[in-house]
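Novice: My structure is below; once you've seen it, I'll send some questions.
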Number of protein chains: 2
Amino acid sequence: MDQTQTVEGRGSEKLPHDLVIVGAGPAALSAALYTSREDIETLLFEKGAIGGLAAVTDWVDNYPGFEKGISGLELSEQMRKQAERFGAKIELGEVQKIEDQGKLKKLTTTEGDIYAKTVLIATGSEYKKIGVSGEDEYYARGVHYCATCDGAFFRDKKLVVIGGGNSAAQESIFLTKFASHIDMLVRSSLKASDVLIKELVKHKDKITIHLNTTTDAIVGQDGKVTKVIGTDKNSGQKVEFPTDGVFVFVGLLPNTKFTEDSGVELDERGFIKTDIHLMTRVAGIFCAGDVRSGATLQIASATGEGATAALMIREYLETQERGPLPQPVVGHPQLY
Amino acid sequence: MDQTQTVEGRGSEKLPHDLVIVGAGPAALSAALYTSREDIETLLFEKGAIGGLAAVTDWVDNYPGFEKGISGLELSEQMRKQAERFGAKIELGEVQKIEDQGKLKKLTTTEGDIYAKTVLIATGSEYKKIGVSGEDEYYARGVHYCATCDGAFFRDKKLVVIGGGNSAAQESIFLTKFASHIDMLVRSSLKASDVLIKELVKHKDKITIHLNTTTDAIVGQDGKVTKVIGTDKNSGQKVEFPTDGVFVFVGLLPNTKFTEDSGVELDERGFIKTDIHLMTRVAGIFCAGDVRSGATLQIASATGEGATAALMIREYLETQERGPLPQPVVGHPQLY
């Protein structure tokens with residue numbers, strides 16, 4: 001076990017990182033801005049796009065601070081540059097495994113093994129896709145996965161909702177606030193709870209439920225979604241639903257595979273559990289953003305958690321050096 | 001008891017508000033943006049400045065999304081306009097009392113009594129001042145109250161810290177990351193815990209502690225703080241400390257007086273306790289931002305909590321109409 005290997009970004013000295021952040025979405029970049037601004041040496045690992053899901057969101061209307069909204073790409077770029085301005089380093093690569101070795105955490109990555117005093121897991125979640133033609137082409141520009149984020153763009157418009165579970169039911173009801181009409185395509189039968197099914201029925205003036213109906217293609221014209229093509233499994237007939245947009249609610253996959261041997265605890269849905277200070281069951285490993293159990297999947301909440309996690313990480317590092325304080329200090333939240 | 005009085009902003013109908021937010025700082029405006037965007041009718045009450053402490057902060061360097069930072073006033077204005085764009089109404093006035101009447105909450109205000117289905121308390125906290133000349137004049141432009149927020153502006157600069165309790169001790173140690181030297185002025189003796197006093201002593205190359213030393217005036221020139229004048233109580237002599245900035249850590253006052261008869265629970269320091277869903281002990285009364293027990297006093301955390309509280313308030317309102325769900329729905333956090 002070599003805990004003293006040369007570490008990229010720390011010169012030629014053989015030192016562990018103060019903080020390694022897994023991911024580079026809003027929660028990660030917010031935490032990195034805070035920690036690097038306070039001279040906590042910070043390295044981010046990102047295997048996909050910097051900015052995470054925010055970066056591929058066409059327009060973000062509800063991140064506080066931008067009167068008219070901001071494009072997801074521009075917001076992500078601003079967050080990246082801001083974190084880098086204070087010294088955060090971003091490395092492209094994948095963290096494959098985390099091992100708790102007490103004071104240090106060992107991370108196995110595609111770029112070699114590295115060591116860290118603290119780790120922040122901010123890998124986010126991925127919306128499950130249905131894998132039909134048009135889904136990727138119109139991603140975030142007519143095909144959406146989050147009603148809270150994008151529902152308000154469809155005021156007085158027609159929508160198609162795909163899915164038949166609790167999320168699909170609850171979000172369809174929510175979307176009736178905006179949409180003029182919703183066609184809900186359910187592959188087999190409704191799997192939602194009775195309370196929600198009863199509620200769906202109450203909204204039958206706006207929601208038409210199509211059971212046993214597959215979704216085969218999302219079709220558009222001039223860059224806009226115009227219809228969904230499906231199959232009525234009872235009759236075998238093709239069916240078409242003219243629409244202004246599609247919401248897909250078939251599940252959410254938290255990115256946690258690499259945490260398997262870390263000792264971190266997951267909830268029954270696979271999200272990472274933390275205490276109120278955003279620390280996981282493993283001392284020194286923290287979690288923030290969409291991968292955390294209880295996440296709201298909102299950029300504002302993710303950046304807020306990133307900032308809070310950064311303060312907790314600072315407190316953890318100070319406590320490691322100094323020992324715990326007998327009581328919390330106001331305005332300086334304590335871990336213990 | 002008249003629950004049906006005419007309510008400003010709801011036309012001539014006699015209806016309670018969906019949501020009344022007490023305060024109009026970052027947590028409040030963030031929540032208002034979310035709720036009003038989703039057609040939850042929202043009224044904010046503000047007795048002071050819209051934007052709260054953020055509005056009087058000269059430069060905000062650490063709110064994610066602005067590469068080079070943004071003035072506190074501009075950030076507050078953007079947040080206000082954004083919330084108003086979606087229909088939030090802001091009323092100038094003071095909420096003096098909240099009473100829980102079950103399904104409805106009664107708010108006594110300087111503008112008359114109003115009723116609400118839900119209330120969000122986001123009144124923030126005020127830093128205690130020492131009340132000397134120059135303190136207000138250089139507020140946020142040389143006189144500061146939050147090391148996490150403003151410490152990084154004083155890299156390689158001289159500082160004066162005022163206070164002798166745990167906060168003053170912990171923040172002075174933190175400020176050694178940036179400052180070239182710190183004079184710590186303590187009115188009588190150090191009241192900090194032994195762990196922190198031991199730690200302070202370890203930093204004696206950077207921190208000089210002046211016991212029994214009052215702070216009498218903060219003096220500046222050309223818009224910049226240049227020195228602090230005090231009195232050495234042992235000798236009775238005037239003493240002067242040339243400095244680039246002053247940090248005051250003499251306490252924090254959460255704005256909670258109006259909650260006295262509401263049933264809301266405070267922690268031992270007077271901050272409002274919530275569960276992990278940001279609901280207080282009173283069903284339908286929520287809390288977010290700097291007035292909440294456990295607050296980090298960061299704008300990012302406050303806006304994050306505002307967004308989270310908004311989703312919880314939506315869920316609470318839906319649950320009141322529909323009844324609780326048997327299990328949580330992924331991506332749609334549940335209150336119960």
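Lettering and numbering for the structure tokens are positional, with chains as A, B, ... in the shown order, residues counted from 1 in each chain, and ligands counted from 1 in the shown order.
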Enumerate as a VMD selection string all residues of region 74-304 of chain B assigned to alpha helix (DSSP H) by DSSP on the backbone, naming them with the chain letters and numbers the document uses.
Specialist: chain B and resid 74 to 85 147 to 150 166 to 175 194 to 202 299 to 304
Novice: Please provide the set of residues having any atom within 12 Å of Asp194 (chain A), restricted to only C-alpha atoms, with same-chain residues fewer than 3 positions apart removed, written as a list in words.
Specialist: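 Close residues of Asp194 (chain A): Gly165, Asn166, Ala169, Gln170, Leu190, Lys191, Ile197, Lys198, Glu199, Leu200 and Val201 of chain A; Arg322, Gly323, Pro324, Leu325, Pro326 and Gln327 of chain B.
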Novice: Need the shell around Ala83 (chain B): protein/DNA/RNA residues with any atom at most 8 Å away, counting only C-alpha atoms. Skip same-chain ones fewer than 3 positions apart. Format as an MDAnalysis selection string?
Specialist: (chainID A and resid 67) or (chainID B and resid 29:30 32:34 36 79:80 86:88)
Novice: What is the CA of Ile209 (chain B) to CA of Phe178 (chain B) distance in Å?
Specialist: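 Computed distance, CA of Ile209 (chain B) to CA of Phe178 (chain B), equals 17.6 Å.
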Novice: Of the candidates B:Ala140, B:Val239, B:Ala152, B:Val160, which shows the shortest atom-to-atom distance to chain A, using only C-alpha atoms?
Specialist: B:Ala152
Novice: Report the distance between CA of Asp267 (chain A) and CA of His277 (chain B) in Å, rounded to one decimal place.
Specialist: 16.7 Å
Novice: At what distance in Å, to one decimal, does CA of Tyr115 (chain B) lie from CA of Ile50 (chain B)?
Specialist: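 Spanning CA of Ile50 (chain B) to CA of Tyr115 (chain B) is a straight-line distance of 22.2 Å.
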